[in-house]
Every structure is written in structure tokens, then in C-alpha cells.
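> Got structure09.pdb for you, PDB, C-alpha atoms and all ligand atoms:
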```pdb
ATOM      1  CA  MET A1212      -8.930 -14.245  25.294
ATOM      2  CA  SER A1213      -8.641 -13.544  21.539
ATOM      3  CA  ASP A1214      -5.186 -12.769  20.102
ATOM      4  CA  ARG A1215      -4.958  -8.999  19.615
ATOM      5  CA  TYR A1216      -3.836  -7.162  16.474
ATOM      6  CA  ALA A1217      -4.333  -3.567  15.306
ATOM      7  CA  VAL A1218      -3.571  -1.034  12.614
ATOM      8  CA  ILE A1219      -1.442   1.861  13.876
ATOM      9  CA  GLY A1220      -1.287   5.198  12.039
ATOM     10  CA  ASN A1221      -2.127   8.900  12.177
ATOM     11  CA  PRO A1222      -4.787   9.530  11.029
ATOM     12  CA  VAL A1223      -6.235   6.032  11.148
ATOM     13  CA  ALA A1224      -9.929   6.324  12.019
ATOM     14  CA  HIS A1225     -10.864   5.962   8.315
ATOM     15  CA  SER A1226      -9.108   2.560   8.029
ATOM     16  CA  LYS A1227     -11.116  -0.402   6.813
ATOM     17  CA  SER A1228      -8.445  -2.850   8.041
ATOM     18  CA  PRO A1229     -10.442  -3.823  11.177
ATOM     19  CA  ALA A1230     -13.451  -4.756   9.013
ATOM     20  CA  VAL A1231     -11.258  -6.719   6.589
ATOM     21  CA  HIS A1232      -9.476  -8.703   9.315
ATOM     22  CA  ALA A1233     -12.725  -9.390  11.158
ATOM     23  CA  GLN A1234     -14.065 -10.988   7.964
ATOM     24  CA  PHE A1235     -10.847 -12.974   7.419
ATOM     25  CA  ALA A1236     -11.042 -14.237  11.020
ATOM     26  CA  ARG A1237     -14.673 -15.338  10.671
ATOM     27  CA  ALA A1238     -14.020 -17.078   7.342
ATOM     28  CA  THR A1239     -10.944 -18.969   8.586
ATOM     29  CA  GLY A1240     -12.134 -19.681  12.156
ATOM     30  CA  GLN A1241      -9.213 -17.734  13.677
ATOM     31  CA  ASP A1242      -9.883 -16.195  17.093
ATOM     32  CA  ILE A1243      -8.499 -12.673  16.752
ATOM     33  CA  ASP A1244      -9.483  -9.206  17.902
ATOM     34  CA  TYR A1245      -8.289  -6.450  15.503
ATOM     35  CA  GLY A1246      -8.491  -2.793  16.488
ATOM     36  CA  CYS A1247      -7.341   0.666  15.483
ATOM     37  CA  ILE A1248      -4.669   2.736  17.284
ATOM     38  CA  GLU A1249      -3.945   6.387  16.519
ATOM     39  CA  ALA A1250      -0.410   7.104  17.726
ATOM     40  CA  PRO A1251       0.911  10.645  18.238
ATOM     41  CA  LEU A1252       3.244  11.673  15.399
ATOM     42  CA  ASP A1253       6.256  11.454  17.754
ATOM     43  CA  GLY A1254       4.952   8.473  19.714
ATOM     44  CA  PHE A1255       5.067   5.404  17.455
ATOM     45  CA  ALA A1256       7.531   3.323  19.508
ATOM     46  CA  ASP A1257       5.665   4.090  22.752
ATOM     47  CA  ALA A1258       2.337   3.116  21.173
ATOM     48  CA  ILE A1259       3.819  -0.200  20.028
ATOM     49  CA  ALA A1260       5.332  -0.845  23.481
ATOM     50  CA  ARG A1261       1.964  -0.167  25.151
ATOM     51  CA  PHE A1262       0.110  -2.423  22.722
ATOM     52  CA  ARG A1263       2.634  -5.255  23.263
ATOM     53  CA  ALA A1264       2.375  -4.853  27.042
ATOM     54  CA  ALA A1265      -1.410  -5.119  26.728
ATOM     55  CA  GLY A1266      -1.068  -8.469  24.931
ATOM     56  CA  GLY A1267      -0.833  -7.372  21.280
ATOM     57  CA  LYS A1268       0.605 -10.039  18.958
ATOM     58  CA  GLY A1269       1.283  -7.873  15.905
ATOM     59  CA  CYS A1270       0.086  -4.922  13.900
ATOM     60  CA  ASN A1271      -0.293  -3.280  10.551
ATOM     61  CA  VAL A1272       1.440   0.058  10.213
ATOM     62  CA  THR A1273       0.175   2.850   8.038
ATOM     63  CA  LEU A1274       0.988   6.462   7.204
ATOM     64  CA  PRO A1275       3.256   8.010   8.443
ATOM     65  CA  PHE A1276       4.976   5.296  10.490
ATOM     66  CA  LYS A1277       6.219   2.686   7.983
ATOM     67  CA  ARG A1278       9.817   3.914   8.228
ATOM     68  CA  ASP A1279       9.604   3.947  12.055
ATOM     69  CA  ALA A1280       8.340   0.361  11.929
ATOM     70  CA  PHE A1281      11.251  -0.582   9.672
ATOM     71  CA  ASN A1282      13.668   0.904  12.219
ATOM     72  CA  LEU A1283      11.913  -0.800  15.123
ATOM     73  CA  ALA A1284      11.874  -4.370  13.739
ATOM     74  CA  GLN A1285      14.898  -6.477  14.680
ATOM     75  CA  ARG A1286      14.574  -8.664  11.575
ATOM     76  CA  VAL A1287      12.945  -7.738   8.265
ATOM     77  CA  SER A1288      12.067  -9.555   5.041
ATOM     78  CA  GLU A1289      14.043  -8.879   1.867
ATOM     79  CA  ARG A1290      11.113  -6.931   0.367
ATOM     80  CA  ALA A1291      10.881  -4.751   3.481
ATOM     81  CA  ARG A1292      14.647  -4.201   3.434
ATOM     82  CA  LEU A1293      14.452  -3.012  -0.167
ATOM     83  CA  ALA A1294      11.454  -0.794   0.581
ATOM     84  CA  GLN A1295      12.956   0.460   3.870
ATOM     85  CA  ALA A1296       9.353   0.497   5.010
ATOM     86  CA  VAL A1297       7.385  -2.011   7.095
ATOM     87  CA  ASN A1298       3.596  -2.345   7.110
ATOM     88  CA  THR A1299       3.379  -5.604   9.093
ATOM     89  CA  LEU A1300       4.967  -6.287  12.491
ATOM     90  CA  ARG A1301       4.914  -9.667  14.238
ATOM     91  CA  PHE A1302       5.937  -9.180  17.844
ATOM     92  CA  GLU A1303       6.953 -12.690  18.950
ATOM     93  CA  ASP A1304      10.145 -12.578  16.828
ATOM     94  CA  SER A1305      10.244  -8.790  16.202
ATOM     95  CA  PHE A1306       9.779  -9.453  12.481
ATOM     96  CA  GLY A1307       8.852  -6.761   9.969
ATOM     97  CA  ASP A1308       7.535  -7.261   6.447
ATOM     98  CA  ASN A1309       6.026  -5.167   3.681
ATOM     99  CA  THR A1310       2.961  -6.606   1.961
ATOM    100  CA  ASP A1311       1.930  -3.484  -0.002
ATOM    101  CA  GLY A1312       3.716  -4.515  -3.203
ATOM    102  CA  ILE A1313       2.293  -7.983  -3.405
ATOM    103  CA  GLY A1314      -1.102  -6.515  -2.488
ATOM    104  CA  LEU A1315      -1.060  -4.080  -5.408
ATOM    105  CA  VAL A1316       0.259  -6.616  -7.924
ATOM    106  CA  ARG A1317      -2.322  -9.228  -6.880
ATOM    107  CA  ASP A1318      -5.135  -6.714  -7.128
ATOM    108  CA  LEU A1319      -4.052  -5.613 -10.605
ATOM    109  CA  THR A1320      -3.286  -9.053 -12.013
ATOM    110  CA  GLU A1321      -5.642 -11.430 -10.189
ATOM    111  CA  ASN A1322      -8.658  -9.304  -9.238
ATOM    112  CA  MET A1323      -8.635  -7.028 -12.278
ATOM    113  CA  GLY A1324      -7.023  -9.330 -14.845
ATOM    114  CA  VAL A1325      -4.441  -6.733 -15.933
ATOM    115  CA  ALA A1326      -1.341  -8.272 -17.533
ATOM    116  CA  LEU A1327       1.652  -6.234 -16.350
ATOM    117  CA  HIS A1328       4.304  -8.025 -18.359
ATOM    118  CA  GLY A1329       5.681  -5.752 -21.104
ATOM    119  CA  ARG A1330       3.596  -2.761 -19.971
ATOM    120  CA  ALA A1331       4.648   0.802 -19.132
ATOM    121  CA  LEU A1332       3.599   1.880 -15.638
ATOM    122  CA  LEU A1333       3.838   5.258 -13.928
ATOM    123  CA  VAL A1334       3.791   5.611 -10.147
ATOM    124  CA  LEU A1335       2.933   9.059  -8.780
ATOM    125  CA  GLY A1336       4.582   9.680  -5.408
ATOM    126  CA  ALA A1337       7.761   8.432  -3.777
ATOM    127  CA  GLY A1338       6.690   8.045  -0.147
ATOM    128  CA  GLY A1339       6.255   4.888   1.907
ATOM    129  CA  ALA A1340       3.607   3.443  -0.404
ATOM    130  CA  ALA A1341       5.653   3.917  -3.586
ATOM    131  CA  GLN A1342       8.714   2.435  -1.879
ATOM    132  CA  GLY A1343       6.634  -0.530  -0.802
ATOM    133  CA  VAL A1344       5.415  -1.368  -4.313
ATOM    134  CA  ALA A1345       8.460  -0.613  -6.502
ATOM    135  CA  GLY A1346      10.132  -4.010  -5.989
ATOM    136  CA  ALA A1347       6.992  -6.046  -6.665
ATOM    137  CA  LEU A1348       6.194  -3.982  -9.784
ATOM    138  CA  LEU A1349       9.707  -4.517 -11.151
ATOM    139  CA  GLY A1350       9.287  -8.231 -10.450
ATOM    140  CA  ALA A1351       6.110  -8.286 -12.573
ATOM    141  CA  GLY A1352       8.132  -7.839 -15.779
ATOM    142  CA  LEU A1353       7.159  -4.297 -16.751
ATOM    143  CA  ARG A1354       8.757  -2.812 -19.851
ATOM    144  CA  ARG A1355       9.138   0.562 -18.130
ATOM    145  CA  LEU A1356       8.591   1.808 -14.576
ATOM    146  CA  VAL A1357       8.675   5.573 -14.019
ATOM    147  CA  ILE A1358       8.264   7.164 -10.596
ATOM    148  CA  ALA A1359       7.299  10.839 -10.561
ATOM    149  CA  ASN A1360       7.309  12.900  -7.409
ATOM    150  CA  ARG A1361       6.736  16.502  -6.364
ATOM    151  CA  THR A1362      10.057  16.383  -4.503
ATOM    152  CA  LEU A1363      12.263  15.016  -7.265
ATOM    153  CA  SER A1364      15.170  14.116  -4.962
ATOM    154  CA  ARG A1365      12.923  11.628  -3.168
ATOM    155  CA  ALA A1366      12.078   9.843  -6.441
ATOM    156  CA  GLN A1367      15.762   9.856  -7.371
ATOM    157  CA  ALA A1368      16.728   8.297  -4.042
ATOM    158  CA  LEU A1369      14.124   5.593  -4.624
ATOM    159  CA  ALA A1370      15.387   4.921  -8.168
ATOM    160  CA  LYS A1371      18.923   4.481  -6.812
ATOM    161  CA  ARG A1372      17.725   1.666  -4.575
ATOM    162  CA  PHE A1373      15.677  -0.002  -7.330
ATOM    163  CA  PRO A1374      17.727  -0.360 -10.534
ATOM    164  CA  GLY A1375      15.300  -0.230 -13.449
ATOM    165  CA  VAL A1376      13.157   2.536 -11.963
ATOM    166  CA  ILE A1377      13.281   5.890 -13.776
ATOM    167  CA  ALA A1378      12.789   8.996 -11.602
ATOM    168  CA  GLN A1379      11.104  12.100 -13.017
ATOM    169  CA  GLY A1380       9.532  15.346 -11.905
ATOM    170  CA  TYR A1381       5.910  16.012 -12.924
ATOM    171  CA  ASP A1382       7.059  18.682 -15.356
ATOM    172  CA  ALA A1383       9.067  16.074 -17.298
ATOM    173  CA  LEU A1384       6.019  13.862 -17.926
ATOM    174  CA  GLY A1385       5.340  14.636 -21.549
ATOM    175  CA  ALA A1386       3.518  12.824 -24.307
ATOM    176  CA  GLU A1387       4.670   9.328 -23.283
ATOM    177  CA  HIS A1388       1.871   6.773 -22.970
ATOM    178  CA  PHE A1389       1.536   4.729 -19.780
ATOM    179  CA  ASP A1390      -0.749   1.696 -19.718
ATOM    180  CA  VAL A1391      -1.200   2.006 -15.965
ATOM    181  CA  VAL A1392      -0.898   5.116 -13.766
ATOM    182  CA  VAL A1393      -0.840   4.390 -10.027
ATOM    183  CA  ASN A1394      -1.448   7.327  -7.713
ATOM    184  CA  ALA A1395       0.642   6.511  -4.638
ATOM    185  CA  THR A1396       0.479  10.061  -3.270
ATOM    186  CA  SER A1397      -1.610  11.092  -0.296
ATOM    187  CA  ALA A1398      -2.945  14.079  -2.300
ATOM    188  CA  GLY A1399      -6.444  12.558  -2.461
ATOM    189  CA  LEU A1400      -6.710  12.618   1.336
ATOM    190  CA  ALA A1401      -6.515  16.420   1.104
ATOM    191  CA  GLY A1402      -8.925  16.596  -1.841
ATOM    192  CA  GLU A1403      -6.048  17.328  -4.239
ATOM    193  CA  SER A1404      -4.551  15.739  -7.338
ATOM    194  CA  PRO A1405      -0.893  15.545  -8.340
ATOM    195  CA  PRO A1406      -0.195  17.980 -11.206
ATOM    196  CA  LEU A1407      -0.596  15.814 -14.322
ATOM    197  CA  PRO A1408      -0.001  16.911 -17.908
ATOM    198  CA  GLU A1409      -2.996  17.026 -20.237
ATOM    199  CA  GLY A1410      -3.503  13.735 -22.072
ATOM    200  CA  LEU A1411      -1.615  11.532 -19.582
ATOM    201  CA  LEU A1412      -4.887   9.864 -18.610
ATOM    202  CA  ASN A1413      -6.945   8.729 -21.586
ATOM    203  CA  GLU A1414      -9.215   5.902 -22.752
ATOM    204  CA  ASN A1415      -6.217   3.541 -22.972
ATOM    205  CA  THR A1416      -5.107   4.098 -19.380
ATOM    206  CA  LEU A1417      -5.885   2.231 -16.201
ATOM    207  CA  ALA A1418      -5.846   4.872 -13.460
ATOM    208  CA  TYR A1419      -5.419   3.357 -10.007
ATOM    209  CA  ASP A1420      -5.576   5.426  -6.822
ATOM    210  CA  MET A1421      -4.198   3.720  -3.720
ATOM    211  CA  VAL A1422      -6.542   5.842  -1.617
ATOM    212  CA  TYR A1423      -9.812   4.042  -0.941
ATOM    213  CA  GLY A1424     -13.174   4.819   0.577
ATOM    214  CA  ARG A1425     -13.568   8.195  -1.138
ATOM    215  CA  ASP A1426     -13.693   9.604  -4.626
ATOM    216  CA  THR A1427     -10.497  11.546  -5.333
ATOM    217  CA  PRO A1428      -9.780  14.356  -7.808
ATOM    218  CA  PHE A1429      -7.350  11.929  -9.543
ATOM    219  CA  LEU A1430     -10.112   9.355 -10.103
ATOM    220  CA  ALA A1431     -12.581  12.038 -11.191
ATOM    221  CA  ARG A1432     -10.069  13.364 -13.679
ATOM    222  CA  ALA A1433      -9.390   9.840 -14.969
ATOM    223  CA  ARG A1434     -13.089   9.152 -15.511
ATOM    224  CA  ALA A1435     -13.529  12.486 -17.298
ATOM    225  CA  ALA A1436     -10.672  11.523 -19.636
ATOM    226  CA  GLY A1437     -12.312   8.160 -20.427
ATOM    227  CA  ALA A1438      -9.782   6.099 -18.445
ATOM    228  CA  ARG A1439     -10.673   3.054 -16.366
ATOM    229  CA  ALA A1440     -10.607   4.403 -12.799
ATOM    230  CA  VAL A1441     -10.138   2.152  -9.768
ATOM    231  CA  ASP A1442      -9.537   2.849  -6.074
ATOM    232  CA  GLY A1443      -7.164   1.030  -3.706
ATOM    233  CA  LEU A1444      -9.688  -1.127  -1.874
ATOM    234  CA  GLY A1445      -8.501  -4.300  -3.602
ATOM    235  CA  MET A1446      -4.900  -3.531  -2.659
ATOM    236  CA  LEU A1447      -5.972  -3.010   0.936
ATOM    237  CA  VAL A1448      -7.670  -6.414   1.044
ATOM    238  CA  GLU A1449      -4.783  -8.206  -0.704
ATOM    239  CA  GLN A1450      -2.049  -6.691   1.495
ATOM    240  CA  ALA A1451      -4.167  -7.514   4.545
ATOM    241  CA  ALA A1452      -4.480 -11.161   3.465
ATOM    242  CA  GLU A1453      -0.691 -11.415   3.255
ATOM    243  CA  SER A1454      -0.335  -9.873   6.743
ATOM    244  CA  PHE A1455      -2.934 -12.297   8.084
ATOM    245  CA  PHE A1456      -0.882 -15.158   6.629
ATOM    246  CA  ILE A1457       2.303 -13.835   8.273
ATOM    247  CA  TRP A1458       0.596 -13.740  11.685
ATOM    248  CA  ARG A1459      -1.657 -16.791  11.530
ATOM    249  CA  GLY A1460      -0.130 -19.126   8.900
ATOM    250  CA  VAL A1461      -3.531 -19.235   7.152
ATOM    251  CA  ARG A1462      -4.284 -17.548   3.826
ATOM    252  CA  PRO A1463      -7.839 -16.165   3.688
ATOM    253  CA  ALA A1464      -9.858 -15.889   0.471
ATOM    254  CA  THR A1465      -9.979 -12.239  -0.607
ATOM    255  CA  ARG A1466     -12.669 -12.079  -3.305
ATOM    256  CA  PRO A1467     -15.698 -12.493  -0.999
ATOM    257  CA  VAL A1468     -14.334  -9.837   1.363
ATOM    258  CA  LEU A1469     -13.672  -7.401  -1.471
ATOM    259  CA  ALA A1470     -17.113  -8.041  -2.947
ATOM    260  CA  LYS A1471     -18.741  -7.416   0.427
ATOM    261  CA  LEU A1472     -16.797  -4.179   0.976
ATOM    262  CA  ARG A1473     -17.798  -3.000  -2.490
ATOM    263  CA  GLY A1474     -21.381  -3.889  -1.676
ATOM    264  CA  SER A1475     -21.695  -6.206  -4.670
TER
HETATM  265  P1  LIG A1501       3.794   9.350   2.521
HETATM  266  O1  LIG A1501       4.982   8.514   2.834
HETATM  267  O2  LIG A1501       3.410  10.454   3.459
HETATM  268  O3  LIG A1501       4.065   9.991   1.062
HETATM  269  C1  LIG A1501       3.149  10.872   0.505
HETATM  270  C2  LIG A1501       3.474  11.085  -0.974
HETATM  271  O4  LIG A1501       2.438  11.878  -1.542
HETATM  272  C3  LIG A1501       4.795  11.826  -1.234
HETATM  273  O5  LIG A1501       5.366  11.314  -2.412
HETATM  274  C4  LIG A1501       4.320  13.277  -1.423
HETATM  275  O6  LIG A1501       5.193  14.025  -2.235
HETATM  276  C5  LIG A1501       3.038  13.030  -2.165
HETATM  277  N1  LIG A1501       2.058  14.116  -2.079
HETATM  278  C6  LIG A1501       1.307  14.488  -1.009
HETATM  279  N2  LIG A1501       0.478  15.494  -1.338
HETATM  280  C7  LIG A1501       0.717  15.782  -2.643
HETATM  281  C8  LIG A1501       0.169  16.721  -3.576
HETATM  282  N3  LIG A1501      -0.790  17.587  -3.204
HETATM  283  N4  LIG A1501       0.629  16.718  -4.841
HETATM  284  C9  LIG A1501       1.588  15.847  -5.229
HETATM  285  N5  LIG A1501       2.146  14.929  -4.394
HETATM  286  C10 LIG A1501       1.720  14.904  -3.127
HETATM  287  O7  LIG A1501       2.473   8.481   2.334
HETATM  288  P2  LIG A1501       2.406   6.950   1.845
HETATM  289  O8  LIG A1501       2.604   6.045   2.999
HETATM  290  O9  LIG A1501       3.322   6.823   0.680
HETATM  291  O10 LIG A1501       0.873   6.805   1.407
HETATM  292  C11 LIG A1501       0.399   7.401   0.210
HETATM  293  C12 LIG A1501      -1.064   7.049   0.018
HETATM  294  O11 LIG A1501      -1.223   5.675  -0.294
HETATM  295  C13 LIG A1501      -1.915   7.300   1.262
HETATM  296  O12 LIG A1501      -3.079   7.992   0.863
HETATM  297  C14 LIG A1501      -2.248   5.919   1.773
HETATM  298  O13 LIG A1501      -3.507   5.905   2.419
HETATM  299  C15 LIG A1501      -2.269   5.124   0.477
HETATM  300  N6  LIG A1501      -1.995   3.673   0.678
HETATM  301  C16 LIG A1501      -2.981   2.784   0.400
HETATM  302  C17 LIG A1501      -2.739   1.433   0.541
HETATM  303  C18 LIG A1501      -3.809   0.428   0.209
HETATM  304  O14 LIG A1501      -3.708  -0.710   0.663
HETATM  305  N7  LIG A1501      -4.808   0.786  -0.574
HETATM  306  C19 LIG A1501      -1.497   0.981   0.995
HETATM  307  C20 LIG A1501      -0.513   1.921   1.266
HETATM  308  C21 LIG A1501      -0.774   3.270   1.108
HETATM  309  P3  LIG A1501       6.493  14.753  -1.575
HETATM  310  O15 LIG A1501       7.546  13.691  -1.415
HETATM  311  O16 LIG A1501       6.872  15.779  -2.581
HETATM  312  O17 LIG A1501       6.037  15.341  -0.266
END
```
What would you get if you wrote out this structure as C-alpha cells?
Ligand code: NAP

Amino acid sequence: MSDRYAVIGNPVAHSKSPAVHAQFARATGQDIDYGCIEAPLDGFADAIARFRAAGGKGCNVTLPFKRDAFNLAQRVSERARLAQAVNTLRFEDSFGDNTDGIGLVRDLTENMGVALHGRALLVLGAGGAAQGVAGALLGAGLRRLVIANRTLSRAQALAKRFPGVIAQGYDALGAEHFDVVVNATSAGLAGESPPLPEGLLNENTLAYDMVYGRDTPFLARARAAGARAVDGLGMLVEQAAESFFIWRGVRPATRPVLAKLRGS
């Protein structure tokens, strides 16, 4: 029988993780079966227990369970400890990791050729995704990393854990130029955009929305302002490759998978 993995979230039906891991498995000759589990909002631990009992070897964890996964793991990586969020569980040693940060940085630097060193970057949102990427972004040598959130206290709590991060409310985002603006909010899933000041997105901005598989108001607004607008599909593929490596000890090539998903 194939080794079983899954992505667990709520909602999760839209996830492209099963398609990504199926392609990784084919390309590397690994015999895995990767599915999709929607857990009730108050039933994450039970869903994990059931999946383990049914022979599951590990899983990816998505919204809104990354904190629950962090609490459930008996041992976590340093990057997951800093993020206090886990997106990858390996059951055999109850290990939790967070591959979102490395996924975003690899997509920006390797797939898109964006040099982050010395740049000013703004992250919108302070939820699980923002927490997962803050450490890796700081490690990329940015000149300035600002995190803006609707609930300011959440951004401030994040900044406390990551010295070097500056927390702001949306109303404090003024005329400052950011080379890269990463939308790490879930606003796009509801067809909404975070409230951005006029001029924040312009022809000198890379606007990156972590949401993938749909056009979002943030991306539409970026395009209208002449910015380079990119969705989070590359991040999804890169974070998945790192999870695959954690489970299987094999690092799959990401470019062919990303190209196929983009239909190019
Ligand atoms: P989360 O923990 O639920 O946090 C949601 C964040 O979005 C919070 O900061 C929240 O602000 C903010 N938000 C929601 N609606 C908003 C609105 N209308 N206006 C302004 N801010 C709003 O979710 P998450 O785990 O961080 O995930 C965020 C997004 O990233 C999701 O869409 C997820 O699919 C995506 N993601 C993609 C990848 C990838 O590989 N491409 C990886 C990880 C996550 P408050 O704190 O004020 O509520």
C-alpha cells in the first residue's frame, strides 16, 4: 500500500496540494497517496488521530489549524518555534516544521529572480501565514520589514517575537515606498482587499498575493496601478517541495510542476 499523506484545513477543497504532491511523487518515483481532509473547526486533533490510525504518515496543515498543529507536535524545528505555527507534521517522530517562509523566499528569489537584500518589504496580515514567513524574510537581508494588520495588537505581538519587524496599522501606511508588498491576509478568499493607501502599489512595486487559484481584488488593484502582480502558486509549490523533503528525504524539482500548474 502507498504511504498516505494529506492536507488538513477548513476550508480545504480548493487546495492544489494533492496535485502538486502527486506530480512530485511521479517525478521522484516515490510511492505516496496524498489526499485532502476537511476537519471541523473544533476537531483538528481528532482528525489527525483518525488519519494516523488509518495509516497516515504525515500531513500539511493549512488555515486555520497551524497553531493547533504547533501545539500538537511533540518536537518542532527552530523556524516553527519562532513562527508558533506548523504547516508540516511527520507522525513517526511527532515532528512539526514550517516551510511557508522558505517557500515564499525561494519563489521570490529563485523563481522570480527578485533580489531581497537591501529591499523594503511590507507584509499585509499577521495571521499564521505572516508568522510563518517573517523569520525567513528577515534572514534574506531586507533593509526594512513592516507588518501591517487590521488588528494592530496582533502585528505588535508578532514584531515582539521577531526583532527587526516593524508593526503598523493600515492607517499608518503613508507615502513610504515598498519594493515588495506581500498580501498574507485571507481577504482575497472573501473577495476583499486590505485597506491600502492610494499610491502604495505603483509601477515600482512587486505585489504578491499568497492566495492562489483566483484573481483577488488586491492583484486587480496592483495591475491597475501598474505594479507587477503575482499570486501565491509558486510559494505553494516551493513550501510543498520542502515538506516532501521532510517526509521522504528526496527534494523534487519545482519548476516543471509550477509550469504545468500555470499551464505554460
Ligand atoms: P489567518 O491566520 O486566518 O489570518 C488571516 C489574516 O488575514 C489576519 O491577519 C486577518 O486580520 C487578515 N484579514 C482577513 N480578512 C481581512 C480583510 N478583509 N481585511 C484585512 N485583513 C484581513 O490565515 P493565514 O493562515 O495567515 O492565511 C492567510 C492567507 O494566506 C490565506 O488566504 C492562505 O490561503 C494563504 N496562504 C498561502 C500559502 C501558499 O503557499 N501560497 C501559504 C500559507 C497561506 P485580523 O488579524 O485583523 O483578523
> Do you have the atom CA of A:Pro1229-atom CA of A:Ala1217 distance handy?
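Straight-line distance from atom CA of A:Pro1229 to atom CA of A:Ala1217 works out to 7.4 Å.
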> Rounded to one decimal, what separation in Å do you get between atom CA of A:Tyr1423 and atom CA of A:His1225?
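One can read the atom CA of A:Tyr1423 to atom CA of A:His1225 distance as 9.5 Å.
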> Give me the residues near A:Gly1254 as a VMD selection string, where near means some atom within 12 Å (using all atoms listed in the file) and where sequence neighbours in that chain fewer than 3 positions away do not count.
chain A and resid 1219 to 1221 1248 to 1251 1257 to 1261 1275 to 1276 1279 to 1280
> Write the residues of the selection above to a file with C-alpha atoms, as a PDB file, in the frame of the given file.

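Contents of the output file selection39.pdb:
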```pdb
ATOM      1  CA  ILE A1219      -1.442   1.861  13.876  1.00  0.00           C
ATOM      2  CA  GLY A1220      -1.287   5.198  12.039  1.00  0.00           C
ATOM      3  CA  ASN A1221      -2.127   8.900  12.177  1.00  0.00           C
ATOM      4  CA  ILE A1248      -4.669   2.736  17.284  1.00  0.00           C
ATOM      5  CA  GLU A1249      -3.945   6.387  16.519  1.00  0.00           C
ATOM      6  CA  ALA A1250      -0.410   7.104  17.726  1.00  0.00           C
ATOM      7  CA  PRO A1251       0.911  10.645  18.238  1.00  0.00           C
ATOM      8  CA  ASP A1257       5.665   4.090  22.752  1.00  0.00           C
ATOM      9  CA  ALA A1258       2.337   3.116  21.173  1.00  0.00           C
ATOM     10  CA  ILE A1259       3.819  -0.200  20.028  1.00  0.00           C
ATOM     11  CA  ALA A1260       5.332  -0.845  23.481  1.00  0.00           C
ATOM     12  CA  ARG A1261       1.964  -0.167  25.151  1.00  0.00           C
ATOM     13  CA  PRO A1275       3.256   8.010   8.443  1.00  0.00           C
ATOM     14  CA  PHE A1276       4.976   5.296  10.490  1.00  0.00           C
ATOM     15  CA  ASP A1279       9.604   3.947  12.055  1.00  0.00           C
ATOM     16  CA  ALA A1280       8.340   0.361  11.929  1.00  0.00           C
TER      17      ALA A1280
END
```
> With the PyMOL selection byres (((chain A and resi 1228) around 9) and not hetatm) as the selection, what would be picked from this file? Answer as a PyMOL selection string, please.
chain A and resi 1217-1218+1226-1227+1229-1233+1245-1247+1271+1447-1448+1451
> Any chance you could export the current selection's C-alpha atoms as a CSV table (one decimal), in the coordinates of the input?

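Everything below was put into part_0.csv:
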```
chain,number,residue,atom,x,y,z
A,1217,ALA,CA,-4.3,-3.6,15.3
A,1218,VAL,CA,-3.6,-1.0,12.6
A,1226,SER,CA,-9.1,2.6,8.0
A,1227,LYS,CA,-11.1,-0.4,6.8
A,1229,PRO,CA,-10.4,-3.8,11.2
A,1230,ALA,CA,-13.5,-4.8,9.0
A,1231,VAL,CA,-11.3,-6.7,6.6
A,1232,HIS,CA,-9.5,-8.7,9.3
A,1233,ALA,CA,-12.7,-9.4,11.2
A,1245,TYR,CA,-8.3,-6.4,15.5
A,1246,GLY,CA,-8.5,-2.8,16.5
A,1247,CYS,CA,-7.3,0.7,15.5
A,1271,ASN,CA,-0.3,-3.3,10.6
A,1447,LEU,CA,-6.0,-3.0,0.9
A,1448,VAL,CA,-7.7,-6.4,1.0
A,1451,ALA,CA,-4.2,-7.5,4.5
```
> Give me the result of the PyMOL selection byres (((not hetatm)) within 9 of (chain A and resi 1501)) on this file, residue by residue, as a PyMOL selection string.
chain A and resi 1226+1273-1278+1296+1298+1310-1312+1314-1315+1335-1344+1359-1366+1381+1394-1406+1420-1423+1442-1451
> Mind telling me what the PyMOL selection byres (((chain A and resi 1350) around 12) and not hetatm) catches here, as a list in words?
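Those residues are Arg1290, Gly1312, Ile1313, Val1316, Leu1327, His1328, Gly1329, Val1344, Ala1345, Gly1346, Ala1347, Leu1348, Leu1349, Ala1351, Gly1352, Leu1353, Arg1354, Arg1355, Leu1356, Phe1373, Pro1374, Gly1375 and Val1376 of chain A.
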> Could you write those residues out with C-alpha atoms, as a PDB file, keeping the file's coordinate frame?

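Written out: part.pdb:
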```pdb
ATOM      1  CA  ARG A1290      11.113  -6.931   0.367  1.00  0.00           C
ATOM      2  CA  GLY A1312       3.716  -4.515  -3.203  1.00  0.00           C
ATOM      3  CA  ILE A1313       2.293  -7.983  -3.405  1.00  0.00           C
ATOM      4  CA  VAL A1316       0.259  -6.616  -7.924  1.00  0.00           C
ATOM      5  CA  LEU A1327       1.652  -6.234 -16.350  1.00  0.00           C
ATOM      6  CA  HIS A1328       4.304  -8.025 -18.359  1.00  0.00           C
ATOM      7  CA  GLY A1329       5.681  -5.752 -21.104  1.00  0.00           C
ATOM      8  CA  VAL A1344       5.415  -1.368  -4.313  1.00  0.00           C
ATOM      9  CA  ALA A1345       8.460  -0.613  -6.502  1.00  0.00           C
ATOM     10  CA  GLY A1346      10.132  -4.010  -5.989  1.00  0.00           C
ATOM     11  CA  ALA A1347       6.992  -6.046  -6.665  1.00  0.00           C
ATOM     12  CA  LEU A1348       6.194  -3.982  -9.784  1.00  0.00           C
ATOM     13  CA  LEU A1349       9.707  -4.517 -11.151  1.00  0.00           C
ATOM     14  CA  ALA A1351       6.110  -8.286 -12.573  1.00  0.00           C
ATOM     15  CA  GLY A1352       8.132  -7.839 -15.779  1.00  0.00           C
ATOM     16  CA  LEU A1353       7.159  -4.297 -16.751  1.00  0.00           C
ATOM     17  CA  ARG A1354       8.757  -2.812 -19.851  1.00  0.00           C
ATOM     18  CA  ARG A1355       9.138   0.562 -18.130  1.00  0.00           C
ATOM     19  CA  LEU A1356       8.591   1.808 -14.576  1.00  0.00           C
ATOM     20  CA  PHE A1373      15.677  -0.002  -7.330  1.00  0.00           C
ATOM     21  CA  PRO A1374      17.727  -0.360 -10.534  1.00  0.00           C
ATOM     22  CA  GLY A1375      15.300  -0.230 -13.449  1.00  0.00           C
ATOM     23  CA  VAL A1376      13.157   2.536 -11.963  1.00  0.00           C
TER      24      VAL A1376
END
```
